[in-house]
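Here is the structure we will look at, set down as structure tokens.
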Amino acid sequence: MERRTVLRAAVLGGSSAVFGGTLWRGAAYAAPAQPGTGPYGALGSPNANGIRLPSGFTSRVIARSGQTVPGTSYTWHNAPDGGACYADASGWIYVSNSEINPSGGASAVKFSSTGAITGAYRILSSTRQNCAGGKTPWNTWLSCEEVSLGYVYETDPWGVNAAVRRDAMGRFKHEAAAADPVRKVIYLTEDESNGRFYRFVPTTWGNLSAGTLQVMVAGSATSGSFTWANVPDPDGSPTSTRTQVSGSKSFNGGEGCHYADDTVWFTTKGDNRVWQLNLTSNTYELAYDDSLVTSGTAPLTGVDNITGSSSGDLFVAEDGGNMEICVITPDDVIAPFLRIDGHFGSEITGPAFSPDGTRLYFSSQRGTSGSSSGGITYEVTGPFRS
């Protein structure tokens, strides 16, 4: 069936919020859950880790910046950022970037089938301010440099193969990446106040050594149709990639990016929006816009990293705000899923689900100290919707 996006108001916790979600065309609007609670219910009191969670969910600390990962001799990196999970025999691996400059890079934690930590190690070194990135269908991690003329590095989550710089994917202030196995492209966001939204079309799917970088072309409205145009010089020097194509659409601070079911969502932190591209119709629209809130407090502020679950829910991490991960459901409900108390001056980064969908990993990039050396990486376990 065809899906579309709608904008409508729902009262959550006493405030009026306007947001978008997906629904099946022809289906009735679903009634929101109890006001302020969303599909998982109300948040409880802070637990021992300072995290407010719905009933039935628990958390544990996986790693702390500057300290050895429990059960290993590996010291976890500073400023943990974007992340992803990979199946590993009967267990799994969580990969995490390091958003510091210089050094940057990325690390990984390996888990057994029971969730016990069995190892931790470095998978990328000597890069700059690795912010977000994305998982490929062939199980590599694309680690993106959030610096002017930054690169994308393709890394091995198992740490066996050396990381490879993918020059053909362009040089700009990279943020996130999302793979589309249907169209065989990689979508890319750019963290500039006048950033662009790109896609990379590999010459051969599964090999990112060569291909064509394209940029989204559209009008200035918040919805409409779009096309793609080739970027003449992906090297970005002397002319930046974002200014090479006339008519390319400007976005205010591109952040997280997620693909599923012929749709790609991405966030723009500068104007606190979640955008949705409908890839079958080549149209775009807003999935969330806090400027349309008419009263009360916007339920989601500082939009940043974004991921999805098998149920179709989107999980959006806040950079600042009140340090929440919020859920946007397919039936148009938006509500906090968790909140971290006392982490002023930090941001939530790297949300990613374990392969079986029962565990959510993420970090508080600067923890309670507000310093890159204070990062904390967590795991939340519980009855996630499937």
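Ligands are numbered from 1 in the order shown, residues from 1 within each chain, and chains are lettered A, B, ... in the order they appear in the structure tokens.
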| said: Residues near segment 89-97 of chain A, anyone? I mean within 8 Å using only C-alpha atoms, not counting same-chain ones fewer than 5 positions away, as a PyMOL selection string. | reply: chain A and resi 80-84+104-115+130-132+141+143+157-158+350+354-355+361
Please produce a file of the residues just selected, as a short mmCIF file (atom, residue, chain, number, x, y, z; two decimals), in the first residue's frame, where the atoms kept are N, CA, C and O atoms.
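Written output follows (again.cif):
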data_model
loop_
_atom_site.label_atom_id
_atom_site.label_comp_id
_atom_site.auth_asym_id
_atom_site.auth_seq_id
_atom_site.Cartn_x
_atom_site.Cartn_y
_atom_site.Cartn_z
N PRO A 80 31.77 10.14 22.37
CA PRO A 80 31.11 9.14 21.52
C PRO A 80 29.95 9.76 20.75
O PRO A 80 29.18 10.54 21.30
N ASP A 81 29.84 9.41 19.47
CA ASP A 81 28.79 10.01 18.63
C ASP A 81 28.04 8.92 17.87
O ASP A 81 27.60 7.95 18.45
N GLY A 82 27.91 9.07 16.53
CA GLY A 82 27.08 8.16 15.74
C GLY A 82 27.45 6.70 15.92
O GLY A 82 28.62 6.37 16.15
N GLY A 83 26.45 5.82 15.80
CA GLY A 83 26.71 4.41 15.99
C GLY A 83 25.77 3.51 15.21
O GLY A 83 24.77 3.96 14.64
N ALA A 84 26.09 2.22 15.20
CA ALA A 84 25.28 1.21 14.52
C ALA A 84 25.60 -0.15 15.10
O ALA A 84 26.67 -0.35 15.70
N GLY A 104 39.85 11.77 16.49
CA GLY A 104 38.59 11.23 16.00
C GLY A 104 38.56 9.72 15.98
O GLY A 104 38.90 9.05 16.93
N GLY A 105 38.14 9.17 14.82
CA GLY A 105 38.11 7.73 14.66
C GLY A 105 36.85 7.07 15.16
O GLY A 105 35.81 7.72 15.36
N ALA A 106 36.92 5.76 15.37
CA ALA A 106 35.77 4.99 15.82
C ALA A 106 36.24 3.74 16.53
O ALA A 106 37.34 3.22 16.28
N SER A 107 35.39 3.24 17.43
CA SER A 107 35.66 2.03 18.20
C SER A 107 34.46 1.10 18.14
O SER A 107 33.38 1.48 17.69
N ALA A 108 34.64 -0.12 18.66
CA ALA A 108 33.56 -1.10 18.66
C ALA A 108 33.57 -1.90 19.95
O ALA A 108 34.63 -2.10 20.56
N VAL A 109 32.38 -2.33 20.35
CA VAL A 109 32.22 -3.23 21.49
C VAL A 109 31.52 -4.48 20.98
O VAL A 109 30.53 -4.40 20.26
N LYS A 110 32.04 -5.65 21.38
CA LYS A 110 31.48 -6.92 20.93
C LYS A 110 30.73 -7.57 22.09
O LYS A 110 31.18 -7.56 23.25
N PHE A 111 29.55 -8.18 21.76
CA PHE A 111 28.69 -8.80 22.76
C PHE A 111 28.43 -10.27 22.40
O PHE A 111 28.36 -10.63 21.22
N SER A 112 28.25 -11.09 23.44
CA SER A 112 27.86 -12.48 23.23
C SER A 112 26.36 -12.57 23.04
O SER A 112 25.65 -11.56 23.11
N SER A 113 25.84 -13.76 22.83
CA SER A 113 24.41 -13.95 22.63
C SER A 113 23.59 -13.57 23.86
O SER A 113 22.40 -13.25 23.75
N THR A 114 24.21 -13.55 25.03
CA THR A 114 23.51 -13.16 26.26
C THR A 114 23.64 -11.68 26.56
O THR A 114 23.07 -11.19 27.54
N GLY A 115 24.42 -10.95 25.75
CA GLY A 115 24.64 -9.53 25.98
C GLY A 115 25.88 -9.23 26.79
O GLY A 115 26.16 -8.06 27.07
N ASN A 130 34.91 12.69 13.89
CA ASN A 130 33.97 11.74 13.29
C ASN A 130 32.65 11.82 14.03
O ASN A 130 32.54 11.40 15.18
N CYS A 131 31.66 12.37 13.35
CA CYS A 131 30.38 12.66 14.00
C CYS A 131 29.41 11.50 13.81
O CYS A 131 29.35 10.60 14.61
N ALA A 132 28.64 11.53 12.75
CA ALA A 132 27.70 10.43 12.52
C ALA A 132 28.24 9.55 11.40
O ALA A 132 29.43 9.45 11.17
N TRP A 141 30.87 0.10 8.21
CA TRP A 141 30.44 1.33 8.87
C TRP A 141 31.07 2.51 8.13
O TRP A 141 32.29 2.58 7.94
N SER A 143 32.05 6.09 8.43
CA SER A 143 32.34 7.07 9.47
C SER A 143 32.63 8.41 8.80
O SER A 143 33.51 8.51 7.94
N PRO A 157 33.63 -3.20 11.06
CA PRO A 157 33.22 -3.31 12.47
C PRO A 157 33.95 -4.40 13.24
O PRO A 157 34.01 -4.34 14.47
N TRP A 158 34.50 -5.38 12.54
CA TRP A 158 35.24 -6.45 13.20
C TRP A 158 36.71 -6.07 13.42
O TRP A 158 37.44 -6.80 14.09
N GLY A 350 24.19 8.55 18.72
CA GLY A 350 24.41 7.16 18.35
C GLY A 350 23.33 6.15 18.62
O GLY A 350 23.64 4.98 18.86
N SER A 354 20.04 -3.36 18.64
CA SER A 354 20.67 -4.65 18.43
C SER A 354 19.92 -5.38 17.31
O SER A 354 18.77 -5.07 17.02
N PRO A 355 20.55 -6.36 16.67
CA PRO A 355 19.91 -7.04 15.55
C PRO A 355 18.54 -7.63 15.86
O PRO A 355 17.67 -7.67 14.98
N TYR A 361 21.16 1.07 21.97
CA TYR A 361 22.42 1.66 22.40
C TYR A 361 22.45 3.14 22.04
O TYR A 361 21.89 3.57 21.02
#
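For Thr267 of chain A, the non-local neighbours within 10 Å, defined as residues at least 3 positions apart in the same chain or in other chains and counting only C-alpha atoms, are Ala176, Thr189, Phe251, Asn252, Gly253, Gly254, Glu255, Gly256, Cys257, His258, Gly270, Asp271, Asn272, Arg273, Val274, Trp275, Gln276, Leu286, Ala287, Tyr288, Gly302, Val303, Asp304, Asn305, Ile306 and Val316 of chain A.
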Pull N, CA, C and O atoms from the residues just selected and write them as an mmCIF file, in the first residue's frame.
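Writing the result to again_32.cif gives the following:
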data_model
loop_
_atom_site.group_PDB
_atom_site.id
_atom_site.type_symbol
_atom_site.label_atom_id
_atom_site.label_comp_id
_atom_site.auth_asym_id
_atom_site.auth_seq_id
_atom_site.Cartn_x
_atom_site.Cartn_y
_atom_site.Cartn_z
ATOM 1 N N ALA A 176 25.699 12.466 8.416
ATOM 2 C CA ALA A 176 25.190 11.094 8.468
ATOM 3 C C ALA A 176 25.076 10.499 7.075
ATOM 4 O O ALA A 176 25.095 11.206 6.060
ATOM 5 N N THR A 189 24.012 13.685 4.573
ATOM 6 C CA THR A 189 23.649 15.016 5.061
ATOM 7 C C THR A 189 24.905 15.848 5.273
ATOM 8 O O THR A 189 26.009 15.328 5.435
ATOM 9 N N PHE A 251 19.455 23.319 3.263
ATOM 10 C CA PHE A 251 18.906 22.836 4.523
ATOM 11 C C PHE A 251 19.756 23.365 5.675
ATOM 12 O O PHE A 251 20.981 23.419 5.573
ATOM 13 N N ASN A 252 19.084 23.718 6.759
ATOM 14 C CA ASN A 252 19.743 24.391 7.882
ATOM 15 C C ASN A 252 20.312 23.390 8.880
ATOM 16 O O ASN A 252 19.670 23.025 9.853
ATOM 17 N N GLY A 253 21.515 22.928 8.598
ATOM 18 C CA GLY A 253 22.211 22.073 9.561
ATOM 19 C C GLY A 253 21.783 20.629 9.500
ATOM 20 O O GLY A 253 21.159 20.115 10.442
ATOM 21 N N GLY A 254 22.122 19.926 8.418
ATOM 22 C CA GLY A 254 21.749 18.520 8.286
ATOM 23 C C GLY A 254 22.399 17.656 9.351
ATOM 24 O O GLY A 254 23.586 17.790 9.661
ATOM 25 N N GLU A 255 21.604 16.749 9.912
ATOM 26 C CA GLU A 255 22.096 15.875 10.984
ATOM 27 C C GLU A 255 21.830 14.408 10.639
ATOM 28 O O GLU A 255 22.330 13.907 9.660
ATOM 29 N N GLY A 256 21.004 13.719 11.442
ATOM 30 C CA GLY A 256 20.788 12.296 11.280
ATOM 31 C C GLY A 256 20.031 11.936 10.021
ATOM 32 O O GLY A 256 19.298 12.752 9.449
ATOM 33 N N CYS A 257 20.187 10.683 9.575
ATOM 34 C CA CYS A 257 19.556 10.207 8.345
ATOM 35 C C CYS A 257 19.204 8.736 8.507
ATOM 36 O O CYS A 257 20.003 7.943 9.023
ATOM 37 N N HIS A 258 17.991 8.362 8.054
ATOM 38 C CA HIS A 258 17.524 6.981 8.189
ATOM 39 C C HIS A 258 16.688 6.603 6.987
ATOM 40 O O HIS A 258 15.811 7.364 6.560
ATOM 41 N N GLY A 270 19.271 23.209 12.729
ATOM 42 C CA GLY A 270 19.176 24.659 12.722
ATOM 43 C C GLY A 270 17.758 25.177 12.820
ATOM 44 O O GLY A 270 17.525 26.268 13.372
ATOM 45 N N ASP A 271 16.791 24.432 12.276
ATOM 46 C CA ASP A 271 15.388 24.846 12.367
ATOM 47 C C ASP A 271 14.508 23.803 13.037
ATOM 48 O O ASP A 271 13.290 23.894 13.014
ATOM 49 N N ASN A 272 15.139 22.795 13.641
ATOM 50 C CA ASN A 272 14.443 21.777 14.433
ATOM 51 C C ASN A 272 13.339 21.079 13.633
ATOM 52 O O ASN A 272 12.180 21.027 14.030
ATOM 53 N N ARG A 273 13.740 20.509 12.518
ATOM 54 C CA ARG A 273 12.792 19.831 11.636
ATOM 55 C C ARG A 273 13.241 18.405 11.325
ATOM 56 O O ARG A 273 14.443 18.109 11.304
ATOM 57 N N VAL A 274 12.259 17.561 11.073
ATOM 58 C CA VAL A 274 12.495 16.238 10.493
ATOM 59 C C VAL A 274 11.859 16.243 9.109
ATOM 60 O O VAL A 274 10.671 16.535 8.964
ATOM 61 N N TRP A 275 12.658 15.943 8.091
ATOM 62 C CA TRP A 275 12.207 15.927 6.702
ATOM 63 C C TRP A 275 11.978 14.498 6.239
ATOM 64 O O TRP A 275 12.658 13.577 6.701
ATOM 65 N N GLN A 276 11.065 14.348 5.296
ATOM 66 C CA GLN A 276 10.772 13.037 4.729
ATOM 67 C C GLN A 276 10.773 13.112 3.210
ATOM 68 O O GLN A 276 10.089 13.945 2.624
ATOM 69 N N LEU A 286 7.609 17.871 5.317
ATOM 70 C CA LEU A 286 8.024 17.866 6.712
ATOM 71 C C LEU A 286 7.344 16.731 7.457
ATOM 72 O O LEU A 286 6.140 16.515 7.314
ATOM 73 N N ALA A 287 8.123 16.020 8.248
ATOM 74 C CA ALA A 287 7.568 15.018 9.148
ATOM 75 C C ALA A 287 7.425 15.569 10.560
ATOM 76 O O ALA A 287 6.675 15.030 11.361
ATOM 77 N N TYR A 288 8.171 16.646 10.864
ATOM 78 C CA TYR A 288 8.058 17.308 12.169
ATOM 79 C C TYR A 288 8.623 18.707 12.037
ATOM 80 O O TYR A 288 9.648 18.916 11.395
ATOM 81 N N GLY A 302 16.111 20.296 19.377
ATOM 82 C CA GLY A 302 17.505 19.922 19.142
ATOM 83 C C GLY A 302 17.636 18.611 18.393
ATOM 84 O O GLY A 302 18.487 17.778 18.725
ATOM 85 N N VAL A 303 16.807 18.410 17.358
ATOM 86 C CA VAL A 303 16.820 17.130 16.639
ATOM 87 C C VAL A 303 18.220 16.815 16.123
ATOM 88 O O VAL A 303 18.932 17.682 15.650
ATOM 89 N N ASP A 304 18.607 15.543 16.242
ATOM 90 C CA ASP A 304 19.956 15.160 15.855
ATOM 91 C C ASP A 304 19.931 13.766 15.235
ATOM 92 O O ASP A 304 19.246 13.541 14.252
ATOM 93 N N ASN A 305 20.653 12.828 15.820
ATOM 94 C CA ASN A 305 20.690 11.475 15.270
ATOM 95 C C ASN A 305 19.302 10.858 15.232
ATOM 96 O O ASN A 305 18.462 11.130 16.099
ATOM 97 N N ILE A 306 19.059 10.012 14.237
ATOM 98 C CA ILE A 306 17.759 9.380 14.068
ATOM 99 C C ILE A 306 17.952 7.932 13.636
ATOM 100 O O ILE A 306 18.873 7.617 12.877
ATOM 101 N N VAL A 316 14.337 9.661 17.693
ATOM 102 C CA VAL A 316 15.103 10.874 17.404
ATOM 103 C C VAL A 316 15.795 11.346 18.673
ATOM 104 O O VAL A 316 15.135 11.597 19.695
#
| query | Any idea what's packed within 8 Å of Val164 of chain A, counting only C-alpha atoms, ignoring anything in its chain fewer than 4 positions away? Could you give it as a count of residues only? | reply | 3
Segment 280-380 of chain A near segment 54-71 of chain A within 8 Å: what's each residue's closest atom pair and its distance in Å to one decimal, counting only C-alpha atoms, ordered by chain then ascending residue number, as JSON lines?
{"residue": "A:Phe337", "atom": "CA", "partner": "A:Pro54", "partner_atom": "CA", "distance": 7.1}
{"residue": "A:Leu338", "atom": "CA", "partner": "A:Pro54", "partner_atom": "CA", "distance": 7.3}
{"residue": "A:Ser372", "atom": "CA", "partner": "A:Ser65", "partner_atom": "CA", "distance": 7.9}
{"residue": "A:Ser373", "atom": "CA", "partner": "A:Ser65", "partner_atom": "CA", "distance": 5.5}
{"residue": "A:Gly374", "atom": "CA", "partner": "A:Ser65", "partner_atom": "CA", "distance": 5.7}
{"residue": "A:Gly375", "atom": "CA", "partner": "A:Ser65", "partner_atom": "CA", "distance": 5.0}
{"residue": "A:Ile376", "atom": "CA", "partner": "A:Arg64", "partner_atom": "CA", "distance": 4.6}
{"residue": "A:Thr377", "atom": "CA", "partner": "A:Ala63", "partner_atom": "CA", "distance": 5.1}
{"residue": "A:Tyr378", "atom": "CA", "partner": "A:Val61", "partner_atom": "CA", "distance": 4.6}
{"residue": "A:Glu379", "atom": "CA", "partner": "A:Arg60", "partner_atom": "CA", "distance": 5.4}
{"residue": "A:Val380", "atom": "CA", "partner": "A:Ser59", "partner_atom": "CA", "distance": 4.4}
Only N, CA and C atoms, please: the residues just picked out, written as an mmCIF file, in the first residue's frame.
data_model
loop_
_atom_site.group_PDB
_atom_site.id
_atom_site.type_symbol
_atom_site.label_atom_id
_atom_site.label_comp_id
_atom_site.auth_asym_id
_atom_site.auth_seq_id
_atom_site.Cartn_x
_atom_site.Cartn_y
_atom_site.Cartn_z
ATOM 1 N N PHE A 337 10.674 8.813 24.777
ATOM 2 C CA PHE A 337 10.882 7.418 25.138
ATOM 3 C C PHE A 337 11.772 7.312 26.372
ATOM 4 N N LEU A 338 12.778 8.196 26.464
ATOM 5 C CA LEU A 338 13.633 8.230 27.646
ATOM 6 C C LEU A 338 14.162 9.637 27.835
ATOM 7 N N SER A 372 34.236 16.526 26.627
ATOM 8 C CA SER A 372 34.314 15.373 25.732
ATOM 9 C C SER A 372 34.913 14.152 26.413
ATOM 10 N N SER A 373 35.629 14.364 27.503
ATOM 11 C CA SER A 373 36.215 13.240 28.241
ATOM 12 C C SER A 373 35.215 12.589 29.198
ATOM 13 N N GLY A 374 33.990 13.136 29.252
ATOM 14 C CA GLY A 374 32.995 12.614 30.176
ATOM 15 C C GLY A 374 31.917 11.778 29.522
ATOM 16 N N GLY A 375 32.130 11.350 28.277
ATOM 17 C CA GLY A 375 31.110 10.602 27.560
ATOM 18 C C GLY A 375 30.742 9.283 28.216
ATOM 19 N N ILE A 376 29.473 8.905 28.098
ATOM 20 C CA ILE A 376 28.979 7.641 28.647
ATOM 21 C C ILE A 376 28.127 6.953 27.581
ATOM 22 N N THR A 377 28.374 5.673 27.366
ATOM 23 C CA THR A 377 27.610 4.887 26.404
ATOM 24 C C THR A 377 26.737 3.886 27.147
ATOM 25 N N TYR A 378 25.452 3.833 26.759
ATOM 26 C CA TYR A 378 24.446 3.063 27.488
ATOM 27 C C TYR A 378 23.805 1.987 26.615
ATOM 28 N N GLU A 379 23.157 1.066 27.293
ATOM 29 C CA GLU A 379 22.270 0.080 26.677
ATOM 30 C C GLU A 379 20.962 0.095 27.438
ATOM 31 N N VAL A 380 19.849 0.136 26.696
ATOM 32 C CA VAL A 380 18.507 0.034 27.291
ATOM 33 C C VAL A 380 17.870 -1.241 26.748
#
| query | How would you write, as a PyMOL selection string, the set of residues in segment 325-382 of chain A that DSSP gives as strand (DSSP E)? | reply | chain A and resi 325-328+334-340+348-353+359-364+376-381
Which residues are near Lys135 of chain A? Cut-off 8 Å, only C-alpha atoms, ignore same chain within fewer than 2 positions. Put them as a PDB file with N, CA, C and O atoms, in the first residue's frame.
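File produced: around37.pdb:
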ATOM      1  N   ALA A  84      26.090   2.218  15.202  1.00  0.00           N
ATOM      2  CA  ALA A  84      25.275   1.214  14.524  1.00  0.00           C
ATOM      3  C   ALA A  84      25.599  -0.152  15.096  1.00  0.00           C
ATOM      4  O   ALA A  84      26.669  -0.352  15.700  1.00  0.00           O
ATOM      5  N   GLY A 133      27.338   8.904  10.661  1.00  0.00           N
ATOM      6  CA  GLY A 133      27.746   7.981   9.619  1.00  0.00           C
ATOM      7  C   GLY A 133      26.588   7.096   9.257  1.00  0.00           C
ATOM      8  O   GLY A 133      25.421   7.495   9.370  1.00  0.00           O
ATOM      9  N   PRO A 137      24.604  -2.192   3.617  1.00  0.00           N
ATOM     10  CA  PRO A 137      24.030  -3.534   3.551  1.00  0.00           C
ATOM     11  C   PRO A 137      25.082  -4.639   3.539  1.00  0.00           C
ATOM     12  O   PRO A 137      24.758  -5.801   3.802  1.00  0.00           O
ATOM     13  N   ASN A 139      27.585  -4.656   5.531  1.00  0.00           N
ATOM     14  CA  ASN A 139      28.104  -4.712   6.904  1.00  0.00           C
ATOM     15  C   ASN A 139      29.437  -4.013   7.111  1.00  0.00           C
ATOM     16  O   ASN A 139      30.342  -4.533   7.789  1.00  0.00           O
ATOM     17  N   THR A 140      29.561  -2.816   6.534  1.00  0.00           N
ATOM     18  CA  THR A 140      30.647  -1.922   6.914  1.00  0.00           C
ATOM     19  C   THR A 140      30.041  -0.687   7.559  1.00  0.00           C
ATOM     20  O   THR A 140      28.839  -0.450   7.494  1.00  0.00           O
ATOM     21  N   TRP A 141      30.872   0.099   8.209  1.00  0.00           N
ATOM     22  CA  TRP A 141      30.445   1.331   8.867  1.00  0.00           C
ATOM     23  C   TRP A 141      31.068   2.512   8.129  1.00  0.00           C
ATOM     24  O   TRP A 141      32.295   2.577   7.941  1.00  0.00           O
ATOM     25  N   LEU A 142      30.215   3.446   7.684  1.00  0.00           N
ATOM     26  CA  LEU A 142      30.682   4.672   7.042  1.00  0.00           C
ATOM     27  C   LEU A 142      30.825   5.734   8.116  1.00  0.00           C
ATOM     28  O   LEU A 142      29.839   6.214   8.670  1.00  0.00           O
ATOM     29  N   ALA A 177      24.927   9.179   7.038  1.00  0.00           N
ATOM     30  CA  ALA A 177      24.765   8.444   5.789  1.00  0.00           C
ATOM     31  C   ALA A 177      23.693   7.379   5.991  1.00  0.00           C
ATOM     32  O   ALA A 177      23.554   6.824   7.077  1.00  0.00           O
ATOM     33  N   ALA A 178      22.928   7.094   4.935  1.00  0.00           N
ATOM     34  CA  ALA A 178      21.907   6.048   4.986  1.00  0.00           C
ATOM     35  C   ALA A 178      21.862   5.336   3.650  1.00  0.00           C
ATOM     36  O   ALA A 178      21.774   5.977   2.600  1.00  0.00           O
ATOM     37  N   ALA A 179      21.932   4.008   3.677  1.00  0.00           N
ATOM     38  CA  ALA A 179      21.976   3.210   2.454  1.00  0.00           C
ATOM     39  C   ALA A 179      20.568   2.845   1.992  1.00  0.00           C
ATOM     40  O   ALA A 179      19.712   2.472   2.796  1.00  0.00           O
TER      41      ALA A 179
END
| query | Can you list, as a list in words, every protein, DNA or RNA residue that comes within 8 Å of segment 326-330 of chain A when you count only C-alpha atoms, leaving out same-chain residues fewer than 5 positions away? | reply | Gly21, Thr22, Leu23, Gly38, Leu300, Gly312, Asp313, Leu314, Phe315, Val316, Ala317, Glu318, Ala335, Pro336, Phe337 and Leu338 of chain A
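The environment of Gly236 of chain A within 9 Å, counting only C-alpha atoms and disregarding residues fewer than 2 places along the same chain, consists of Leu149, Gly170, Arg171, Phe172, Asp233, Pro234, Pro238, Thr239, Ser240, Thr241, Arg242 and Gln244 of chain A.
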| task | Mind giving me the straight-line distance from atom CA of Ser363 of chain A to atom CA of Ile348 of chain A in Å, one decimal? | result | 5.6 Å
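Distance-wise, atom CA of Ile117 of chain A and atom CA of Thr381 of chain A end up 14.8 Å apart.
Take the candidates A:Asn282, A:Thr75, A:Ser291, A:Thr358 and check each one against Met216 of chain A using only C-alpha atoms; the shortest distance goes to A:Asn282.
Remark: for Arg52 of chain A, the closest of the candidate residues A:Ser371, A:Asn322, A:Thr280, A:Thr297 is A:Asn322 (distances computed over only C-alpha atoms).
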| note | Across A:Tyr86, A:Phe226, A:Tyr259, A:Tyr121, the smallest distance to Ile186 of chain A, with only C-alpha atoms counted, is shown by A:Tyr259
